[in-house]
>>> print(open('input_35.cif').read())   # mmCIF, C-alpha atoms
data_upload
#
loop_
_atom_site.label_atom_id
_atom_site.label_comp_id
_atom_site.auth_asym_id
_atom_site.auth_seq_id
_atom_site.Cartn_x
_atom_site.Cartn_y
_atom_site.Cartn_z
CA MET A 29 25.65 -13.86 -22.19
CA VAL A 30 21.98 -13.06 -22.69
CA SER A 31 21.31 -9.63 -24.16
CA ASN A 32 20.42 -6.84 -21.73
CA GLU A 33 17.18 -6.15 -23.54
CA VAL A 34 16.01 -9.72 -23.06
CA ASN A 35 17.01 -9.77 -19.39
CA GLN A 36 15.28 -6.48 -18.77
CA TYR A 37 12.13 -7.66 -20.49
CA ILE A 38 12.01 -10.81 -18.38
CA GLU A 39 12.72 -8.90 -15.15
CA LYS A 40 9.98 -6.42 -15.99
CA ILE A 41 7.25 -9.06 -16.10
CA ILE A 42 8.41 -11.23 -13.20
CA PRO A 43 5.70 -11.07 -10.52
CA ALA A 44 6.39 -8.54 -7.77
CA ARG A 45 8.52 -9.69 -4.82
CA SER A 46 7.70 -8.71 -1.24
CA GLU A 47 9.32 -5.66 0.39
CA GLN A 48 11.29 -8.02 2.59
CA VAL A 49 12.75 -9.90 -0.38
CA LEU A 50 13.58 -6.64 -2.15
CA LYS A 51 15.43 -5.49 0.97
CA ILE A 52 17.85 -8.40 0.71
CA GLU A 53 18.37 -7.72 -3.00
CA GLN A 54 19.14 -4.09 -2.21
CA TYR A 55 21.54 -5.03 0.57
CA ALA A 56 23.39 -7.37 -1.78
CA LYS A 57 23.71 -4.69 -4.43
CA LEU A 58 24.90 -2.09 -1.93
CA HIS A 59 27.48 -4.37 -0.34
CA ASN A 60 28.60 -6.19 -3.47
CA VAL A 61 27.44 -9.58 -2.26
CA PRO A 62 27.02 -11.80 -5.34
CA ILE A 63 23.47 -13.17 -5.28
CA MET A 64 21.76 -14.87 -8.21
CA GLU A 65 20.34 -12.63 -10.87
CA LEU A 66 16.59 -12.72 -11.26
CA THR A 67 16.27 -14.82 -14.41
CA GLY A 68 18.63 -17.42 -12.94
CA MET A 69 16.70 -17.39 -9.67
CA GLU A 70 13.37 -17.89 -11.46
CA THR A 71 14.86 -20.80 -13.39
CA LEU A 72 16.15 -22.40 -10.19
CA LEU A 73 12.74 -21.90 -8.56
CA SER A 74 10.98 -23.58 -11.50
CA TYR A 75 12.92 -26.78 -10.72
CA VAL A 76 12.18 -26.41 -7.00
CA ARG A 77 8.46 -25.94 -7.69
CA LEU A 78 8.37 -28.93 -10.02
CA LYS A 79 10.37 -31.21 -7.74
CA LYS A 80 8.74 -30.13 -4.46
CA PRO A 81 11.74 -31.44 -2.53
CA LYS A 82 11.49 -32.57 1.06
CA ARG A 83 15.08 -31.62 1.85
CA ILE A 84 17.43 -29.31 -0.01
CA LEU A 85 21.18 -29.03 0.51
CA GLU A 86 22.66 -25.70 -0.50
CA VAL A 87 26.42 -25.31 -0.78
CA GLY A 88 27.11 -21.57 -0.46
CA THR A 89 24.53 -19.62 1.55
CA ALA A 90 25.99 -16.14 1.03
CA ILE A 91 23.43 -13.95 2.83
CA GLY A 92 20.58 -16.46 2.60
CA TYR A 93 18.81 -14.99 -0.41
CA SER A 94 18.44 -18.18 -2.44
CA ALA A 95 17.67 -20.34 0.61
CA ILE A 96 14.86 -17.95 1.55
CA ARG A 97 13.52 -17.81 -2.03
CA MET A 98 13.54 -21.62 -2.26
CA ALA A 99 11.81 -21.94 1.14
CA LEU A 100 9.12 -19.48 0.04
CA ALA A 101 8.68 -21.28 -3.31
CA CYS A 102 8.17 -24.66 -1.65
CA GLN A 103 6.42 -24.47 1.69
CA THR A 104 7.19 -28.07 2.59
CA ALA A 105 10.95 -27.97 1.93
CA GLU A 106 13.58 -28.06 4.66
CA ILE A 107 16.90 -26.52 3.69
CA ILE A 108 20.39 -27.18 5.02
CA SER A 109 22.79 -24.51 3.84
CA ILE A 110 26.57 -24.17 4.26
CA GLU A 111 28.58 -20.94 4.37
CA ARG A 112 32.25 -20.51 5.19
CA ASP A 113 32.37 -16.71 5.44
CA GLU A 114 31.48 -15.79 9.01
CA GLU A 115 30.16 -12.31 8.27
CA ARG A 116 27.86 -13.58 5.52
CA TYR A 117 26.79 -16.49 7.69
CA ASN A 118 25.73 -14.06 10.42
CA ILE A 119 23.80 -11.85 8.02
CA ALA A 120 22.14 -14.94 6.53
CA LYS A 121 21.08 -15.96 10.05
CA GLU A 122 19.47 -12.56 10.63
CA ASN A 123 17.72 -12.70 7.26
CA VAL A 124 16.37 -16.19 7.86
CA GLU A 125 15.08 -15.12 11.29
CA SER A 126 13.45 -12.00 9.88
CA PHE A 127 11.38 -14.35 7.66
CA HIS A 128 10.70 -16.67 10.63
CA LEU A 129 12.15 -19.49 8.55
CA GLU A 130 14.65 -20.78 11.14
CA ASN A 131 12.53 -23.91 11.60
CA ARG A 132 12.94 -24.77 7.90
CA ILE A 133 16.37 -23.35 7.07
CA THR A 134 19.35 -24.72 9.00
CA LEU A 135 22.58 -22.79 8.46
CA LEU A 136 25.92 -24.51 8.97
CA PHE A 137 29.06 -22.44 9.38
CA GLY A 138 32.20 -23.90 7.85
CA ASP A 139 34.00 -25.09 4.74
CA ALA A 140 31.94 -27.40 2.52
CA ASN A 141 35.03 -29.58 2.12
CA GLU A 142 35.05 -30.27 5.87
CA LEU A 143 31.38 -30.46 6.83
CA GLN A 144 30.42 -33.78 5.25
CA LYS A 145 29.73 -35.49 8.60
CA GLN A 146 27.39 -32.77 9.80
CA VAL A 147 25.67 -32.54 6.43
CA GLU A 148 25.19 -36.30 6.41
CA ASN A 149 23.12 -36.06 9.62
CA TYR A 150 20.32 -34.54 7.57
CA ALA A 151 20.68 -36.77 4.47
CA PRO A 152 19.25 -37.87 2.09
CA TYR A 153 18.58 -34.78 0.03
CA ASP A 154 16.34 -34.82 -3.00
CA PHE A 155 17.63 -31.45 -4.23
CA ILE A 156 21.22 -30.18 -4.05
CA PHE A 157 22.12 -26.65 -5.11
CA ILE A 158 25.81 -25.83 -5.52
CA ASP A 159 26.65 -22.12 -5.65
CA ALA A 160 30.04 -21.67 -3.99
CA ALA A 161 33.77 -21.54 -4.84
CA LYS A 162 33.85 -22.50 -8.52
CA GLY A 163 37.31 -24.06 -8.30
CA GLN A 164 35.90 -26.64 -5.86
CA TYR A 165 32.87 -27.81 -7.82
CA GLN A 166 34.27 -31.22 -8.57
CA ASN A 167 35.00 -31.77 -4.85
CA PHE A 168 31.60 -30.53 -3.76
CA PHE A 169 29.88 -32.74 -6.31
CA ASP A 170 31.88 -35.77 -5.25
CA HIS A 171 31.41 -35.13 -1.51
CA TYR A 172 27.68 -34.57 -1.61
CA SER A 173 26.22 -36.45 -4.58
CA SER A 174 26.37 -39.65 -2.50
CA MET A 175 23.79 -38.03 -0.20
CA LEU A 176 21.33 -37.49 -3.05
CA SER A 177 18.19 -39.60 -3.06
CA PRO A 178 17.74 -41.93 -6.06
CA ASP A 179 15.35 -39.62 -7.89
CA GLY A 180 17.19 -36.45 -6.89
CA ILE A 181 18.43 -33.42 -8.81
CA ILE A 182 21.63 -31.38 -8.51
CA VAL A 183 21.72 -27.80 -9.81
CA THR A 184 25.14 -26.18 -10.10
CA ASP A 185 25.35 -22.45 -10.73
CA ASN A 186 27.99 -20.38 -12.56
CA VAL A 187 29.15 -23.16 -14.88
CA LEU A 188 29.62 -20.69 -17.75
CA PHE A 189 31.37 -18.09 -15.52
CA ARG A 190 30.38 -14.87 -17.33
CA GLY A 191 30.84 -16.64 -20.65
CA TYR A 192 34.61 -17.10 -20.08
CA VAL A 193 34.18 -20.87 -20.16
CA ALA A 194 33.06 -20.67 -23.79
CA GLU A 195 35.87 -18.39 -24.95
CA GLU A 196 38.74 -19.93 -26.84
CA SER A 197 41.28 -17.35 -25.77
CA GLY A 198 41.63 -13.83 -24.41
CA LEU A 199 41.90 -14.49 -20.70
CA GLU A 200 44.85 -12.52 -19.46
CA SER A 201 45.23 -13.52 -15.84
CA ARG A 202 46.69 -16.89 -15.00
CA ARG A 203 44.31 -17.25 -12.03
CA LEU A 204 41.31 -16.78 -14.32
CA ARG A 205 42.66 -19.20 -16.92
CA SER A 206 43.19 -21.85 -14.26
CA LEU A 207 39.68 -21.36 -12.87
CA VAL A 208 38.12 -21.57 -16.34
CA LYS A 209 40.06 -24.76 -16.98
CA LYS A 210 38.67 -26.28 -13.78
CA ILE A 211 35.09 -25.35 -14.63
CA ARG A 212 35.45 -26.77 -18.15
CA SER A 213 36.79 -30.00 -16.80
CA PHE A 214 33.95 -30.14 -14.24
CA ASN A 215 31.38 -29.54 -16.99
CA GLU A 216 32.78 -32.31 -19.18
CA TYR A 217 32.97 -34.69 -16.23
CA ILE A 218 29.33 -34.09 -15.33
CA MET A 219 28.03 -34.20 -18.91
CA GLN A 220 29.61 -37.66 -19.31
CA HIS A 221 28.74 -38.92 -15.81
CA PRO A 222 26.99 -42.30 -16.16
CA ASP A 223 24.67 -41.71 -13.16
CA TYR A 224 23.22 -38.39 -14.36
CA GLN A 225 21.53 -36.83 -17.34
CA SER A 226 22.70 -33.23 -17.42
CA SER A 227 21.90 -30.04 -19.32
CA ILE A 228 23.71 -26.71 -19.31
CA LEU A 229 21.32 -23.75 -19.40
CA PRO A 230 22.70 -20.43 -20.67
CA VAL A 231 20.70 -18.60 -18.00
CA GLY A 232 22.17 -16.22 -15.44
CA ASP A 233 25.81 -17.23 -15.04
CA GLY A 234 25.19 -20.66 -16.56
CA MET A 235 23.29 -23.41 -14.78
CA MET A 236 23.99 -27.13 -14.86
CA VAL A 237 20.95 -29.27 -14.17
CA SER A 238 21.78 -32.91 -13.38
CA ILE A 239 19.05 -35.47 -12.88
CA ARG A 240 19.98 -38.79 -11.38
CA ASN A 241 19.14 -41.86 -13.43
CA SER A 242 16.55 -43.88 -11.61
CA MET B 102 19.81 -13.97 -27.73
CA VAL B 103 22.56 -16.11 -26.27
CA SER B 104 25.99 -15.53 -27.79
CA ASN B 105 27.12 -17.94 -30.48
CA GLU B 106 30.23 -18.82 -28.53
CA VAL B 107 28.18 -19.94 -25.54
CA ASN B 108 25.77 -21.94 -27.69
CA GLN B 109 28.63 -23.60 -29.53
CA TYR B 110 30.36 -24.47 -26.27
CA ILE B 111 27.21 -26.08 -24.88
CA GLU B 112 26.51 -27.97 -28.10
CA LYS B 113 30.08 -29.24 -28.15
CA ILE B 114 29.79 -30.99 -24.80
CA ILE B 115 26.23 -32.30 -25.11
CA PRO B 116 26.43 -36.13 -25.09
CA ALA B 117 26.39 -37.69 -28.55
CA ARG B 118 23.01 -38.40 -30.13
CA SER B 119 22.31 -41.58 -32.06
CA GLU B 120 22.70 -41.71 -35.84
CA GLN B 121 18.94 -41.96 -36.13
CA VAL B 122 18.37 -38.76 -34.14
CA LEU B 123 21.04 -36.94 -36.13
CA LYS B 124 19.29 -37.98 -39.33
CA ILE B 125 16.13 -36.11 -38.30
CA GLU B 126 18.20 -33.04 -37.36
CA GLN B 127 19.86 -33.14 -40.78
CA TYR B 128 16.54 -33.53 -42.57
CA ALA B 129 15.14 -30.52 -40.70
CA LYS B 130 18.14 -28.40 -41.63
CA LEU B 131 18.02 -29.44 -45.26
CA HIS B 132 14.29 -28.83 -45.63
CA ASN B 133 14.04 -25.73 -43.42
CA VAL B 134 11.73 -27.39 -40.92
CA PRO B 135 11.98 -25.43 -37.68
CA ILE B 136 12.91 -27.85 -34.90
CA MET B 137 14.15 -26.84 -31.45
CA GLU B 138 17.77 -25.88 -31.16
CA LEU B 139 19.90 -28.16 -29.02
CA THR B 140 20.22 -26.03 -25.88
CA GLY B 141 16.46 -25.48 -25.85
CA MET B 142 15.87 -29.19 -26.38
CA GLU B 143 18.19 -30.15 -23.53
CA THR B 144 16.40 -27.68 -21.25
CA LEU B 145 13.01 -29.14 -22.19
CA LEU B 146 14.34 -32.64 -21.59
CA SER B 147 15.60 -31.67 -18.12
CA TYR B 148 12.00 -30.89 -17.12
CA VAL B 149 10.78 -34.11 -18.73
CA ARG B 150 13.42 -36.14 -16.88
CA LEU B 151 12.61 -34.47 -13.57
CA LYS B 152 8.85 -34.76 -13.94
CA LYS B 153 8.80 -38.28 -15.40
CA PRO B 154 5.33 -37.64 -16.85
CA LYS B 155 2.88 -40.42 -17.52
CA ARG B 156 1.24 -38.58 -20.40
CA ILE B 157 2.49 -35.65 -22.43
CA LEU B 158 0.42 -33.48 -24.77
CA GLU B 159 2.42 -31.76 -27.50
CA VAL B 160 0.82 -29.00 -29.55
CA GLY B 161 2.85 -28.81 -32.76
CA THR B 162 4.53 -32.06 -33.84
CA ALA B 163 6.37 -30.71 -36.88
CA ILE B 164 8.33 -33.80 -38.03
CA GLY B 165 8.25 -35.54 -34.65
CA TYR B 166 11.72 -34.56 -33.45
CA SER B 167 10.76 -33.29 -29.99
CA ALA B 168 8.16 -36.04 -29.42
CA ILE B 169 10.80 -38.65 -30.18
CA ARG B 170 13.42 -36.95 -27.98
CA MET B 171 10.93 -36.73 -25.09
CA ALA B 172 9.94 -40.38 -25.53
CA LEU B 173 13.58 -41.44 -25.47
CA ALA B 174 14.27 -39.27 -22.40
CA CYS B 175 11.41 -40.78 -20.42
CA GLN B 176 10.79 -44.44 -21.19
CA THR B 177 7.47 -44.52 -19.36
CA ALA B 178 5.87 -41.48 -21.03
CA GLU B 179 3.05 -41.68 -23.53
CA ILE B 180 2.82 -38.74 -25.90
CA ILE B 181 -0.17 -37.34 -27.79
CA SER B 182 0.98 -34.86 -30.41
CA ILE B 183 -1.01 -32.60 -32.76
CA GLU B 184 0.07 -31.36 -36.20
CA ARG B 185 -2.02 -29.46 -38.73
CA ASP B 186 0.39 -29.60 -41.69
CA GLU B 187 -0.32 -32.85 -43.57
CA GLU B 188 3.12 -33.22 -45.11
CA ARG B 189 4.87 -32.76 -41.77
CA TYR B 190 2.38 -35.05 -40.08
CA ASN B 191 3.21 -37.80 -42.57
CA ILE B 192 6.95 -37.37 -42.12
CA ALA B 193 6.48 -37.39 -38.34
CA LYS B 194 4.58 -40.68 -38.67
CA GLU B 195 7.46 -42.21 -40.61
CA ASN B 196 10.00 -40.94 -38.09
CA VAL B 197 8.03 -42.28 -35.13
CA GLU B 198 7.73 -45.66 -36.82
CA SER B 199 11.42 -45.77 -37.63
CA PHE B 200 12.04 -45.53 -33.86
CA HIS B 201 9.34 -48.16 -33.18
CA LEU B 202 7.68 -45.62 -30.91
CA GLU B 203 4.18 -45.79 -32.40
CA ASN B 204 2.93 -47.52 -29.25
CA ARG B 205 3.98 -44.55 -27.10
CA ILE B 206 3.54 -41.61 -29.51
CA THR B 207 0.06 -40.97 -30.90
CA LEU B 208 -0.07 -38.41 -33.68
CA LEU B 209 -3.27 -36.49 -34.35
CA PHE B 210 -3.74 -34.68 -37.63
CA GLY B 211 -5.63 -31.41 -37.45
CA ASP B 212 -5.82 -27.89 -36.06
CA ALA B 213 -5.19 -27.65 -32.32
CA ASN B 214 -8.12 -25.23 -32.09
CA GLU B 215 -10.48 -27.96 -33.29
CA LEU B 216 -9.14 -31.15 -31.77
CA GLN B 217 -10.12 -30.61 -28.12
CA LYS B 218 -12.59 -33.51 -28.04
CA GLN B 219 -10.09 -36.01 -29.42
CA VAL B 220 -7.33 -34.71 -27.18
CA GLU B 221 -9.61 -34.99 -24.16
CA ASN B 222 -9.97 -38.74 -24.78
CA TYR B 223 -6.42 -39.17 -23.54
CA ALA B 224 -6.58 -36.62 -20.67
CA PRO B 225 -5.37 -35.83 -18.05
CA TYR B 226 -1.86 -34.81 -19.03
CA ASP B 227 0.83 -34.11 -16.48
CA PHE B 228 3.06 -32.39 -19.04
CA ILE B 229 1.93 -30.09 -21.87
CA PHE B 230 4.38 -28.74 -24.42
CA ILE B 231 3.19 -25.94 -26.70
CA ASP B 232 5.33 -25.32 -29.77
CA ALA B 233 3.01 -24.22 -32.58
CA ALA B 234 1.54 -21.06 -34.17
CA LYS B 235 2.68 -18.29 -31.82
CA GLY B 236 -0.33 -16.11 -32.52
CA GLN B 237 -2.55 -18.82 -31.04
CA TYR B 238 -0.75 -19.43 -27.75
CA GLN B 239 -3.46 -17.89 -25.62
CA ASN B 240 -6.08 -20.11 -27.29
CA PHE B 241 -3.97 -23.24 -26.98
CA PHE B 242 -3.28 -22.52 -23.32
CA ASP B 243 -6.95 -21.90 -22.60
CA HIS B 244 -8.13 -24.96 -24.54
CA TYR B 245 -5.73 -27.42 -23.03
CA SER B 246 -4.74 -26.23 -19.55
CA SER B 247 -8.04 -27.61 -18.23
CA MET B 248 -6.73 -31.07 -19.18
CA LEU B 249 -3.62 -30.66 -17.03
CA SER B 250 -3.37 -32.77 -13.90
CA PRO B 251 -3.21 -30.85 -10.58
CA ASP B 252 0.56 -31.15 -10.24
CA GLY B 253 1.23 -30.66 -13.94
CA ILE B 254 3.62 -28.47 -15.91
CA ILE B 255 3.15 -26.54 -19.15
CA VAL B 256 6.18 -25.55 -21.22
CA THR B 257 5.60 -23.03 -24.00
CA ASP B 258 8.35 -22.47 -26.55
CA ASN B 259 9.28 -19.37 -28.58
CA VAL B 260 7.94 -16.84 -26.07
CA LEU B 261 10.82 -14.45 -26.79
CA PHE B 262 10.55 -14.93 -30.59
CA ARG B 263 14.16 -14.30 -31.65
CA GLY B 264 14.36 -11.53 -29.04
CA TYR B 265 11.78 -9.39 -30.87
CA VAL B 266 9.47 -9.57 -27.86
CA ALA B 267 12.04 -7.67 -25.78
CA GLU B 268 12.66 -4.94 -28.35
CA GLU B 269 11.04 -1.60 -27.81
CA SER B 270 10.91 -0.66 -31.47
CA GLY B 271 12.43 -1.44 -34.85
CA LEU B 272 9.97 -3.99 -36.18
CA GLU B 273 9.13 -2.92 -39.67
CA SER B 274 6.44 -5.30 -40.80
CA ARG B 275 2.94 -4.91 -39.44
CA ARG B 276 2.47 -8.66 -39.33
CA LEU B 277 5.53 -9.04 -37.13
CA ARG B 278 4.45 -6.20 -34.83
CA SER B 279 1.04 -7.76 -34.40
CA LEU B 280 2.54 -11.18 -33.62
CA VAL B 281 4.97 -9.68 -31.10
CA LYS B 282 2.09 -7.86 -29.42
CA LYS B 283 0.19 -11.14 -29.09
CA ILE B 284 3.15 -12.96 -27.58
CA ARG B 285 3.77 -10.12 -25.10
CA SER B 286 0.18 -10.17 -24.04
CA PHE B 287 0.31 -13.96 -23.65
CA ASN B 288 3.47 -13.70 -21.55
CA GLU B 289 1.95 -11.11 -19.22
CA TYR B 290 -1.25 -13.12 -18.92
CA ILE B 291 0.63 -16.27 -17.93
CA MET B 292 3.04 -14.52 -15.56
CA GLN B 293 0.07 -13.13 -13.64
CA HIS B 294 -2.09 -16.26 -13.88
CA PRO B 295 -3.30 -17.15 -10.36
CA ASP B 296 -3.17 -20.92 -10.98
CA TYR B 297 0.46 -21.08 -12.15
CA GLN B 298 3.93 -20.06 -11.08
CA SER B 299 5.81 -19.26 -14.26
CA SER B 300 9.35 -18.44 -15.32
CA ILE B 301 10.65 -17.26 -18.68
CA LEU B 302 13.97 -18.85 -19.60
CA PRO B 303 16.14 -17.03 -22.15
CA VAL B 304 17.11 -20.35 -23.71
CA GLY B 305 16.65 -21.25 -27.36
CA ASP B 306 13.85 -19.06 -28.64
CA GLY B 307 12.59 -18.32 -25.11
CA MET B 308 10.84 -20.90 -22.98
CA MET B 309 7.97 -20.31 -20.56
CA VAL B 310 7.79 -22.86 -17.76
CA SER B 311 4.46 -22.84 -15.88
CA ILE B 312 3.92 -25.03 -12.86
CA ARG B 313 0.43 -25.46 -11.59
CA ASN B 314 -0.19 -24.50 -7.98
CA SER B 315 -1.12 -27.56 -6.02
#
>>> encode(input="input_35.cif", output="structure tokens")
Amino acid sequence: MVSNEVNQYIEKIIPARSEQVLKIEQYAKLHNVPIMELTGMETLLSYVRLKKPKRILEVGTAIGYSAIRMALACQTAEIISIERDEERYNIAKENVESFHLENRITLLFGDANELQKQVENYAPYDFIFIDAAKGQYQNFFDHYSSMLSPDGIIVTDNVLFRGYVAEESGLESRRLRSLVKKIRSFNEYIMQHPDYQSSILPVGDGMMVSIRNS
Amino acid sequence: MVSNEVNQYIEKIIPARSEQVLKIEQYAKLHNVPIMELTGMETLLSYVRLKKPKRILEVGTAIGYSAIRMALACQTAEIISIERDEERYNIAKENVESFHLENRITLLFGDANELQKQVENYAPYDFIFIDAAKGQYQNFFDHYSSMLSPDGIIVTDNVLFRGYVAEESGLESRRLRSLVKKIRSFNEYIMQHPDYQSSILPVGDGMMVSIRNS
């Protein structure tokens, strides 16, 4: 969605990441694990740094990249993160341990639609980051927004889904069309939600930032 | 920088603005006054809503559009805003009064390079928004960042300048090349600044978000 030149320029002047962080990025690239692209990550981190959350809920750990980046960006944050893919969950566990962050990042293995009770044990959250199965966003939002503290923020990634969400036509597969329809309906629902003020940022794969009315 | 389709999609689902706000947007369009585009504005407002600043400094009022939007987004914020163009300053004054916001928005007429003393009377600021002469960004940042509170945020607009900043070549006019060089040097300076963690967002005309290390 953003031109390559612009993305490359931004990535070129982003401050250097540690060897250890780069190692996770390289692993993801090599094994086709979708992690956030850098400009999206830096945008997410700007909200984390501004909010300085006490407790973050992440829906969709993948291999722990974003949880680790958020923990490093805010030294006082505790993070609860859910992953339903066992292999990724195990790699995330290793990555978190290699950063000695296991005291601040708690990984839960299971489907985010079924883990509400466990997740509630750690509530309230003042920051929720949703980056998981896009077809389930409405469910995730409804399950977990009740655990948000009154002045909390919810960031939802991939709400423009490679720009497909903005295209009027041209999607050939029925599966894709159905997914795009779900994301659109989620976006409209959130933009009109009376309890939140939301903005869609055309950054990375599209980021919805929802701030609870206090 | 962002595709038209994506921008149009986002603008389509942004919640409706009041007649009064639309009137300022229409005036700006008609009279070629550069005001922030909607996706950029919504991104700025997301930081305002999250931060809930007590006092905002704006460098570059233009006709008051962004000051008014920020004041409406955060009912407790006071805004000090500087404009050096007398005609725009006068229109901004009218606009602020038409919203009955003159008790929360203070407009100062003059060059931001010469108003430090007056601006300091209202310091500290916990939110600074720089949206003025791009060739002066380094000066503005240096003049006013000392008035930022310890947990403050500085947002600087237009740091990608229509994407020119990311282009390797192709700028024909010397004036443009010199301006692009200045913005690049500002961007690198800020990204490496030891007192701030900064991100460049490829939104609108490019937005730098700098959060002070606390």
>>> residues_near_point(input="input_35.cif", point="(9.7, -34.7, -31.0)", cutoff="12 Å", atoms="only C-alpha atoms", output="ChimeraX atom specification")
/B:122,125-126,129,135-138,142,145-146,157-174,180-184,189-190,192-194,196-197,200,202,206-208,230-232
>>> residues_near_point(input="input_35.cif", point="(27.4, -40.4, -20.6)", cutoff="12 Å", atoms="all atoms listed in the file", output="PDB file with C-alpha atoms, in the frame of the given file")
ATOM      1  CA  GLU A 216      32.780 -32.310 -19.180  1.00  0.00           C
ATOM      2  CA  TYR A 217      32.970 -34.690 -16.230  1.00  0.00           C
ATOM      3  CA  ILE A 218      29.330 -34.090 -15.330  1.00  0.00           C
ATOM      4  CA  MET A 219      28.030 -34.200 -18.910  1.00  0.00           C
ATOM      5  CA  GLN A 220      29.610 -37.660 -19.310  1.00  0.00           C
ATOM      6  CA  HIS A 221      28.740 -38.920 -15.810  1.00  0.00           C
ATOM      7  CA  PRO A 222      26.990 -42.300 -16.160  1.00  0.00           C
ATOM      8  CA  ASP A 223      24.670 -41.710 -13.160  1.00  0.00           C
ATOM      9  CA  TYR A 224      23.220 -38.390 -14.360  1.00  0.00           C
ATOM     10  CA  GLN A 225      21.530 -36.830 -17.340  1.00  0.00           C
ATOM     11  CA  SER A 226      22.700 -33.230 -17.420  1.00  0.00           C
ATOM     12  CA  SER A 227      21.900 -30.040 -19.320  1.00  0.00           C
ATOM     13  CA  SER A 238      21.780 -32.910 -13.380  1.00  0.00           C
ATOM     14  CA  ARG A 240      19.980 -38.790 -11.380  1.00  0.00           C
ATOM     15  CA  ASN A 241      19.140 -41.860 -13.430  1.00  0.00           C
TER      16      ASN A 241
ATOM     17  CA  ILE B 114      29.790 -30.990 -24.800  1.00  0.00           C
ATOM     18  CA  ILE B 115      26.230 -32.300 -25.110  1.00  0.00           C
ATOM     19  CA  PRO B 116      26.430 -36.130 -25.090  1.00  0.00           C
ATOM     20  CA  ALA B 117      26.390 -37.690 -28.550  1.00  0.00           C
ATOM     21  CA  ARG B 118      23.010 -38.400 -30.130  1.00  0.00           C
TER      22      ARG B 118
END
>>> atom_distance(input="input_35.cif", atom1="atom CA of A:Leu204", atom2="atom CA of A:Val231")
21.0 Å
>>> residues_around(input="input_35.cif", residues="B:Lys282", least_positions_apart="6", cutoff="10 Å", atoms="all atoms listed in the file", output="number ranges by chain")
B: 236, 265-266, 276, 288
>>> resolve_selection(input="input_35.cif", expression="the PyMOL selection byres ((chain A) within 6 of (chain B))", output="MDAnalysis selection string")
chainID A and resid 29:31 33:34 37 70 194 227
>>> atom_distance(input="input_35.cif", atom1="atom CA of B:Ala178", atom2="atom CA of B:Asn240")
25.3 Å
>>> atom_distance(input="input_35.cif", atom1="atom CA of B:Ser250", atom2="atom CA of A:Val76")
18.2 Å
>>> resolve_selection(input="input_35.cif", expression="the PyMOL selection byres ((chain A and resi 154) around 6)", output="list in words")
Pro81, Arg83, Tyr153, Phe155, Leu176, Ser177 and Gly180 of chain A
>>> closest_residue(input="input_35.cif", among="A:Arg202, A:Asn118, A:Met175, A:His59", to="A:Glu148", atoms="all atoms listed in the file")
A:Met175
>>> closest_residue(input="input_35.cif", among="A:Ala151, A:Cys102, A:Leu136, A:Ile182", to="A:Phe169", atoms="all atoms listed in the file")
A:Ile182
